[in-house]
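Chemist: Contents of query_28.cif (mmCIF, C-alpha atoms):
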data_my_file
loop_
_atom_site.label_atom_id
_atom_site.label_comp_id
_atom_site.auth_asym_id
_atom_site.auth_seq_id
_atom_site.Cartn_x
_atom_site.Cartn_y
_atom_site.Cartn_z
CA ARG A 1 -13.03 -7.38 0.72
CA THR A 2 -13.46 -3.60 0.56
CA GLY A 3 -11.57 -0.52 1.69
CA SER A 4 -7.91 -0.20 2.53
CA VAL A 5 -5.77 -0.90 5.57
CA LYS A 6 -2.35 0.43 6.49
CA LEU A 7 0.20 -1.82 8.15
CA GLU A 8 2.55 0.18 10.32
CA GLN A 9 5.55 -0.49 12.46
CA TYR A 10 7.28 1.66 15.02
CA LEU A 11 11.01 2.10 14.64
CA SER A 12 13.47 2.04 17.53
CA ASP A 13 13.50 5.86 17.63
CA GLY A 14 9.72 5.90 18.13
CA THR A 15 8.81 7.06 14.65
CA GLN A 16 6.05 5.35 12.76
CA ARG A 17 6.59 3.82 9.31
CA ILE A 18 3.80 2.49 7.13
CA VAL A 19 5.22 -0.62 5.52
CA ARG A 20 2.35 -1.63 3.25
CA LEU A 21 -1.18 -0.81 2.18
CA LEU A 22 -3.68 -3.62 1.93
CA LYS A 23 -6.33 -3.33 -0.74
CA PRO A 24 -9.24 -5.66 -1.53
CA MET A 25 -8.14 -9.29 -2.01
CA ASP A 26 -4.77 -8.80 -0.26
CA VAL A 27 -3.66 -11.17 2.47
CA ALA A 28 -2.17 -10.30 5.86
CA GLY A 29 -1.32 -12.10 9.08
CA LEU A 30 0.77 -14.90 7.64
CA GLU A 31 2.83 -14.88 10.84
CA THR A 32 0.10 -16.85 12.58
CA LEU A 33 0.80 -19.90 10.42
CA LEU A 34 4.19 -20.12 12.12
CA ASN A 35 2.83 -19.27 15.59
CA GLU A 36 4.66 -15.93 15.53
CA PRO A 37 3.30 -12.63 16.82
CA TYR A 38 2.05 -10.05 14.34
CA LYS A 39 4.84 -7.81 13.05
CA HIS A 40 2.67 -4.77 12.31
CA ASN A 41 -0.31 -2.82 13.60
CA ALA A 42 -3.22 -2.64 11.15
CA PHE A 43 -5.50 0.39 10.83
CA ALA A 44 -8.38 0.91 8.42
CA LEU A 45 -7.94 4.02 6.28
CA GLN A 46 -11.58 4.05 5.26
CA LYS A 47 -14.69 1.94 5.78
CA THR A 48 -13.33 -1.57 5.36
CA GLU A 49 -14.75 -5.07 5.25
CA ILE A 50 -12.34 -7.95 5.89
CA CYS A 51 -12.56 -11.72 5.73
CA ARG A 52 -10.91 -13.65 8.55
CA TYR A 53 -9.87 -17.24 8.00
CA PRO A 54 -8.81 -19.39 10.99
CA THR A 55 -5.23 -20.64 11.03
CA SER A 56 -6.34 -24.23 11.63
CA ALA A 57 -8.51 -24.09 8.50
CA VAL A 58 -5.59 -22.82 6.40
CA ILE A 59 -3.36 -25.61 7.69
CA GLY A 60 -6.04 -28.20 6.93
CA LEU A 61 -6.55 -26.91 3.40
CA SER A 62 -3.36 -28.49 2.11
CA LYS A 63 -4.95 -31.91 2.66
CA ARG A 64 -8.64 -31.20 2.06
CA SER A 65 -8.44 -28.80 -0.86
CA PRO A 66 -5.02 -28.61 -2.49
CA GLN A 67 -6.25 -26.24 -5.22
CA LEU A 68 -7.63 -23.72 -2.73
CA HIS A 69 -4.45 -24.03 -0.66
CA PHE A 70 -2.42 -23.36 -3.81
CA ASN A 71 -4.56 -20.28 -4.54
CA LEU A 72 -3.89 -18.97 -1.02
CA MET A 73 -0.16 -19.65 -1.42
CA THR A 74 -0.25 -17.66 -4.67
CA ARG A 75 -1.86 -14.72 -2.84
CA TRP A 76 0.76 -14.95 -0.08
CA GLN A 77 3.55 -14.85 -2.65
CA SER A 78 1.88 -11.84 -4.21
CA ALA A 79 1.82 -10.16 -0.78
CA LEU A 80 5.55 -10.78 -0.40
CA SER A 81 6.27 -9.45 -3.89
CA ASP A 82 4.15 -6.40 -3.10
CA ALA A 83 6.16 -5.81 0.07
CA ASP A 84 9.41 -6.00 -1.92
CA THR A 85 8.06 -3.57 -4.50
CA TRP A 86 6.87 -1.25 -1.72
CA ILE A 87 10.39 -1.09 -0.29
CA ILE A 88 12.02 -0.52 -3.66
CA GLU A 89 9.56 1.97 -5.16
CA LEU A 90 8.47 3.94 -2.14
CA SER A 91 11.67 4.13 -0.10
CA THR A 92 14.13 5.19 -2.78
CA GLY A 93 14.60 8.24 -4.98
CA SER A 94 13.70 11.86 -4.39
CA ALA A 95 10.63 12.85 -2.39
CA LYS A 96 8.87 13.86 -5.64
CA GLN A 97 9.61 10.48 -7.18
CA ARG A 98 8.28 8.69 -4.10
CA VAL A 99 5.04 10.69 -4.07
CA ALA A 100 4.60 10.16 -7.83
CA ARG A 101 5.16 6.40 -7.47
CA LEU A 102 2.65 6.22 -4.62
CA LEU A 103 0.02 8.06 -6.65
CA ILE A 104 0.67 5.76 -9.62
CA ARG A 105 0.24 2.69 -7.39
CA LEU A 106 -2.98 4.04 -5.92
CA ALA A 107 -4.51 5.07 -9.26
CA LYS A 108 -3.16 2.53 -11.75
CA ASP A 109 -5.83 -0.13 -11.37
CA ALA A 110 -8.66 2.23 -10.45
CA LYS A 111 -11.46 3.30 -12.75
CA ASP A 112 -10.54 6.57 -14.49
CA ALA A 113 -7.17 6.64 -12.66
CA GLN A 114 -8.99 7.89 -9.57
CA CYS A 115 -7.50 7.41 -6.13
CA SER A 116 -8.27 8.24 -2.54
CA LEU A 117 -5.66 10.22 -0.71
CA PHE A 118 -5.24 9.91 3.01
CA GLY A 119 -3.63 12.27 5.46
CA ARG A 120 -0.25 13.82 4.69
CA GLU A 121 1.06 12.39 7.97
CA ASP A 122 0.30 8.86 6.72
CA MET A 123 1.80 9.71 3.34
CA GLY A 124 4.98 10.90 5.02
CA ALA A 125 5.10 7.72 7.12
CA MET A 126 4.76 5.58 3.99
CA LEU A 127 7.42 7.38 2.03
CA GLY A 128 9.90 8.29 4.75
CA ILE A 129 9.41 12.03 4.20
CA THR A 130 8.07 14.79 6.43
CA THR A 131 4.40 15.75 6.50
CA GLU A 132 5.37 19.20 5.23
CA THR A 133 7.26 17.76 2.26
CA ALA A 134 4.30 15.53 1.36
CA SER A 135 1.93 18.54 1.51
CA ARG A 136 4.25 20.71 -0.57
CA ILE A 137 4.66 18.07 -3.29
CA ILE A 138 0.92 17.32 -3.48
CA ALA A 139 0.22 21.07 -3.84
CA GLU A 140 2.87 21.30 -6.57
CA PHE A 141 1.44 18.29 -8.43
CA LYS A 142 -2.03 19.87 -8.31
CA ARG A 143 -0.67 23.16 -9.72
CA GLN A 144 1.10 21.25 -12.50
CA GLY A 145 -2.12 19.35 -13.36
CA LEU A 146 -0.66 15.95 -12.49
CA MET A 147 -3.71 15.37 -10.27
CA LYS A 148 -7.14 16.97 -10.12
CA GLU A 149 -9.60 16.94 -7.26
CA ALA A 150 -12.66 14.80 -8.02
CA GLY A 151 -14.37 15.10 -4.64
CA SER A 152 -13.60 14.93 -0.97
CA GLY A 153 -10.20 13.26 -0.76
CA GLN A 154 -10.64 11.81 -4.28
CA PHE A 155 -8.24 12.67 -7.10
CA ILE A 156 -7.89 11.81 -10.75
CA CYS A 157 -4.24 11.26 -11.56
CA ASP A 158 -2.48 11.78 -14.86
CA ILE A 159 -0.52 8.53 -14.74
CA GLY A 160 1.55 9.35 -17.84
CA ALA A 161 2.63 12.70 -16.41
CA LEU A 162 3.39 11.11 -13.04
CA GLU A 163 5.51 8.45 -14.75
CA GLN A 164 7.42 11.26 -16.50
CA GLN A 165 7.97 12.85 -13.07
CA VAL A 166 9.51 9.56 -11.89
CA SER A 167 11.70 9.34 -14.99
CA LYS A 168 12.87 12.96 -14.61
CA GLY A 169 14.69 12.11 -11.42
CA ARG A 170 16.59 9.27 -13.09
CA SER A 171 18.09 11.34 -15.90
#
What's the structure tokens form of this structure?
Modeler:
Amino acid sequence: RTGSVKLEQYLSDGTQRIVRLLKPMDVAGLETLLNEPYKHNAFALQKTEICRYPTSAVIGLSKRSPQLHFNLMTRWQSALSDADTWIIELSTGSAKQRVARLLIRLAKDAKDAQCSLFGREDMGAMLGITTETASRIIAEFKRQGLMKEAGSGQFICDIGALEQQVSKGRS
């Protein structure tokens, strides 16, 4: 309902990789519908309120309320599409392109293009870059005016300039 949650997975070499961010209205835990164990660990990145819906109720929805079941299925498909986009946008390209794409994703739907940034370690784990690289790129983007501090951990992003940063790497 509110806040954001990171879904992370540990790789065989012991490193952590954040595979998706959940924002309000996102769905997680679909594995339970197939009686499978959860694939990821979930951690709140800020004060978060969630809504939990029992598996048995979801299964029963298809008979009792087909429209609500369809709405849930639509959200699940959206979660899968988001996961695909996450892999494509945030795991490919240069480190600068990855950071720019992440900032765009975080700020695009927010009021005044404002986003909350979390720790550089989490950013590195999301993007497959080192903490130091994440810190260096954020500092560079601030110097270039691509993002401006709006408060503690809050930034206003210049989405157009960030999109140009993404395009620069393609040319």
Chemist: Closest to Gly153 of chain A among A:Arg136, A:Thr131, A:Gly29, A:Gln46, using all atoms listed in the file?
Modeler: A:Gln46
Chemist: Could you expand the PyMOL selection byres ((chain A and resi 149) around 12) into the explicit residues it covers here, written as a list in words?
Modeler: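 Output from the PyMOL selection byres ((chain A and resi 149) around 12), applied to this file: Ala113, Gln114, Cys115, Ser116, Leu117, Ile138, Ala139, Phe141, Lys142, Arg143, Gly145, Leu146, Met147, Lys148, Ala150, Gly151, Ser152, Gly153, Gln154, Phe155, Ile156, Cys157 and Asp158 of chain A.
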Chemist: Just how far from atom CA of His40 of chain A is atom CA of Glu8 of chain A, in Å to one decimal?
Modeler: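 The value is 5.3 Å.
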Chemist: Counting only C-alpha atoms, which of A:Leu72, A:Leu34, A:Leu127, A:Leu11 gets nearest to Trp86 of chain A?
Modeler: A:Leu127
Chemist: Report the residues retrieved by the PyMOL selection byres ((chain A and resi 168) around 12) from the displayed file, expressed as a CSV table (one decimal) with C-alpha atoms, in the frame of the given file.
Modeler:
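Saved file part24.csv follows:
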chain,number,residue,atom,x,y,z
A,93,GLY,CA,14.6,8.2,-5.0
A,94,SER,CA,13.7,11.9,-4.4
A,96,LYS,CA,8.9,13.9,-5.6
A,97,GLN,CA,9.6,10.5,-7.2
A,100,ALA,CA,4.6,10.2,-7.8
A,161,ALA,CA,2.6,12.7,-16.4
A,162,LEU,CA,3.4,11.1,-13.0
A,163,GLU,CA,5.5,8.4,-14.8
A,164,GLN,CA,7.4,11.3,-16.5
A,165,GLN,CA,8.0,12.8,-13.1
A,166,VAL,CA,9.5,9.6,-11.9
A,167,SER,CA,11.7,9.3,-15.0
A,169,GLY,CA,14.7,12.1,-11.4
A,170,ARG,CA,16.6,9.3,-13.1
A,171,SER,CA,18.1,11.3,-15.9
Chemist: Could you check which of A:Gln144, A:Thr32, A:Thr15, A:Ser91 is closest to Ala57 of chain A, using all atoms listed in the file?
Modeler: A:Thr32
Chemist: Restricting the calculation to all atoms listed in the file, which member of A:Glu121, A:Asp26, A:Asp109, A:Glu36 is positioned closest to Ser78 of chain A?
Modeler: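 Going through A:Glu121, A:Asp26, A:Asp109, A:Glu36 one by one, the smallest distance to Ser78 of chain A is for A:Asp26.
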Chemist: Counting all atoms listed in the file, I want the residues whose atoms come within 10 Å of (-1.3, -18.6, 11.6) in the file frame, returned as a list in words.
Modeler: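 Residues lying no farther than 10 Å from the given point: Gly29, Leu30, Glu31, Thr32, Leu33, Leu34, Asn35, Glu36, Pro37, Tyr38, Tyr53, Pro54, Thr55, Ser56, Ala57, Val58 and Ile59 of chain A.
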Chemist: Please indicate the distance in Å from atom CA of Arg17 of chain A to atom CA of Ala83 of chain A, rounded to one decimal place.
Modeler: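 For atom CA of Arg17 of chain A relative to atom CA of Ala83 of chain A, the distance reads 13.4 Å.
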Chemist: Mind writing segment 76-101 of chain A to a file for me, with N, CA and C atoms, as an mmCIF file, in the first residue's frame?
Modeler:
data_model
loop_
_atom_site.group_PDB
_atom_site.id
_atom_site.type_symbol
_atom_site.label_atom_id
_atom_site.label_comp_id
_atom_site.auth_asym_id
_atom_site.auth_seq_id
_atom_site.Cartn_x
_atom_site.Cartn_y
_atom_site.Cartn_z
ATOM 1 N N TRP A 76 -0.571 -9.446 -11.734
ATOM 2 C CA TRP A 76 0.508 -10.439 -11.781
ATOM 3 C C TRP A 76 1.262 -10.343 -13.094
ATOM 4 N N GLN A 77 0.516 -10.184 -14.199
ATOM 5 C CA GLN A 77 1.167 -10.032 -15.490
ATOM 6 C C GLN A 77 2.016 -8.767 -15.504
ATOM 7 N N SER A 78 1.514 -7.720 -14.896
ATOM 8 C CA SER A 78 2.277 -6.482 -14.799
ATOM 9 C C SER A 78 3.568 -6.700 -14.007
ATOM 10 N N ALA A 79 3.487 -7.494 -12.946
ATOM 11 C CA ALA A 79 4.684 -7.802 -12.147
ATOM 12 C C ALA A 79 5.702 -8.563 -12.986
ATOM 13 N N LEU A 80 5.244 -9.484 -13.810
ATOM 14 C CA LEU A 80 6.156 -10.228 -14.679
ATOM 15 C C LEU A 80 6.781 -9.319 -15.733
ATOM 16 N N SER A 81 5.977 -8.446 -16.310
ATOM 17 C CA SER A 81 6.496 -7.501 -17.300
ATOM 18 C C SER A 81 7.520 -6.572 -16.661
ATOM 19 N N ASP A 82 7.227 -6.144 -15.422
ATOM 20 C CA ASP A 82 8.156 -5.277 -14.701
ATOM 21 C C ASP A 82 9.483 -5.997 -14.455
ATOM 22 N N ALA A 83 9.403 -7.271 -14.124
ATOM 23 C CA ALA A 83 10.631 -8.053 -13.897
ATOM 24 C C ALA A 83 11.444 -8.154 -15.190
ATOM 25 N N ASP A 84 10.772 -8.359 -16.313
ATOM 26 C CA ASP A 84 11.471 -8.415 -17.598
ATOM 27 C C ASP A 84 12.150 -7.079 -17.902
ATOM 28 N N THR A 85 11.412 -6.002 -17.686
ATOM 29 C CA THR A 85 11.956 -4.670 -17.936
ATOM 30 C C THR A 85 13.147 -4.410 -17.024
ATOM 31 N N TRP A 86 13.023 -4.832 -15.767
ATOM 32 C CA TRP A 86 14.107 -4.650 -14.798
ATOM 33 C C TRP A 86 15.387 -5.280 -15.334
ATOM 34 N N ILE A 87 15.264 -6.514 -15.806
ATOM 35 C CA ILE A 87 16.432 -7.232 -16.322
ATOM 36 C C ILE A 87 17.021 -6.510 -17.522
ATOM 37 N N ILE A 88 16.184 -6.095 -18.433
ATOM 38 C CA ILE A 88 16.653 -5.458 -19.664
ATOM 39 C C ILE A 88 17.257 -4.083 -19.385
ATOM 40 N N GLU A 89 16.531 -3.239 -18.655
ATOM 41 C CA GLU A 89 16.966 -1.851 -18.460
ATOM 42 C C GLU A 89 18.091 -1.700 -17.447
ATOM 43 N N LEU A 90 18.053 -2.485 -16.393
ATOM 44 C CA LEU A 90 18.967 -2.235 -15.290
ATOM 45 C C LEU A 90 20.143 -3.201 -15.229
ATOM 46 N N SER A 91 20.220 -4.120 -16.166
ATOM 47 C CA SER A 91 21.351 -5.058 -16.177
ATOM 48 C C SER A 91 22.181 -4.962 -17.442
ATOM 49 N N THR A 92 21.853 -4.010 -18.304
ATOM 50 C CA THR A 92 22.599 -3.869 -19.550
ATOM 51 C C THR A 92 23.068 -2.430 -19.723
ATOM 52 N N GLY A 93 24.076 -2.251 -20.549
ATOM 53 C CA GLY A 93 24.606 -0.918 -20.823
ATOM 54 C C GLY A 93 25.699 -0.549 -19.834
ATOM 55 N N SER A 94 26.204 0.666 -20.005
ATOM 56 C CA SER A 94 27.266 1.147 -19.127
ATOM 57 C C SER A 94 26.713 1.414 -17.730
ATOM 58 N N ALA A 95 27.583 1.572 -16.771
ATOM 59 C CA ALA A 95 27.170 1.868 -15.398
ATOM 60 C C ALA A 95 26.380 3.173 -15.354
ATOM 61 N N LYS A 96 26.810 4.186 -16.116
ATOM 62 C CA LYS A 96 26.083 5.467 -16.149
ATOM 63 C C LYS A 96 24.680 5.280 -16.696
ATOM 64 N N GLN A 97 24.553 4.496 -17.750
ATOM 65 C CA GLN A 97 23.233 4.244 -18.326
ATOM 66 C C GLN A 97 22.337 3.527 -17.315
ATOM 67 N N ARG A 98 22.873 2.570 -16.598
ATOM 68 C CA ARG A 98 22.093 1.830 -15.620
ATOM 69 C C ARG A 98 21.598 2.745 -14.503
ATOM 70 N N VAL A 99 22.503 3.595 -13.990
ATOM 71 C CA VAL A 99 22.108 4.517 -12.919
ATOM 72 C C VAL A 99 21.050 5.482 -13.447
ATOM 73 N N ALA A 100 21.250 6.017 -14.654
ATOM 74 C CA ALA A 100 20.279 6.944 -15.235
ATOM 75 C C ALA A 100 18.918 6.268 -15.404
ATOM 76 N N ARG A 101 18.901 5.038 -15.902
ATOM 77 C CA ARG A 101 17.634 4.316 -16.069
ATOM 78 C C ARG A 101 16.943 4.077 -14.734
#
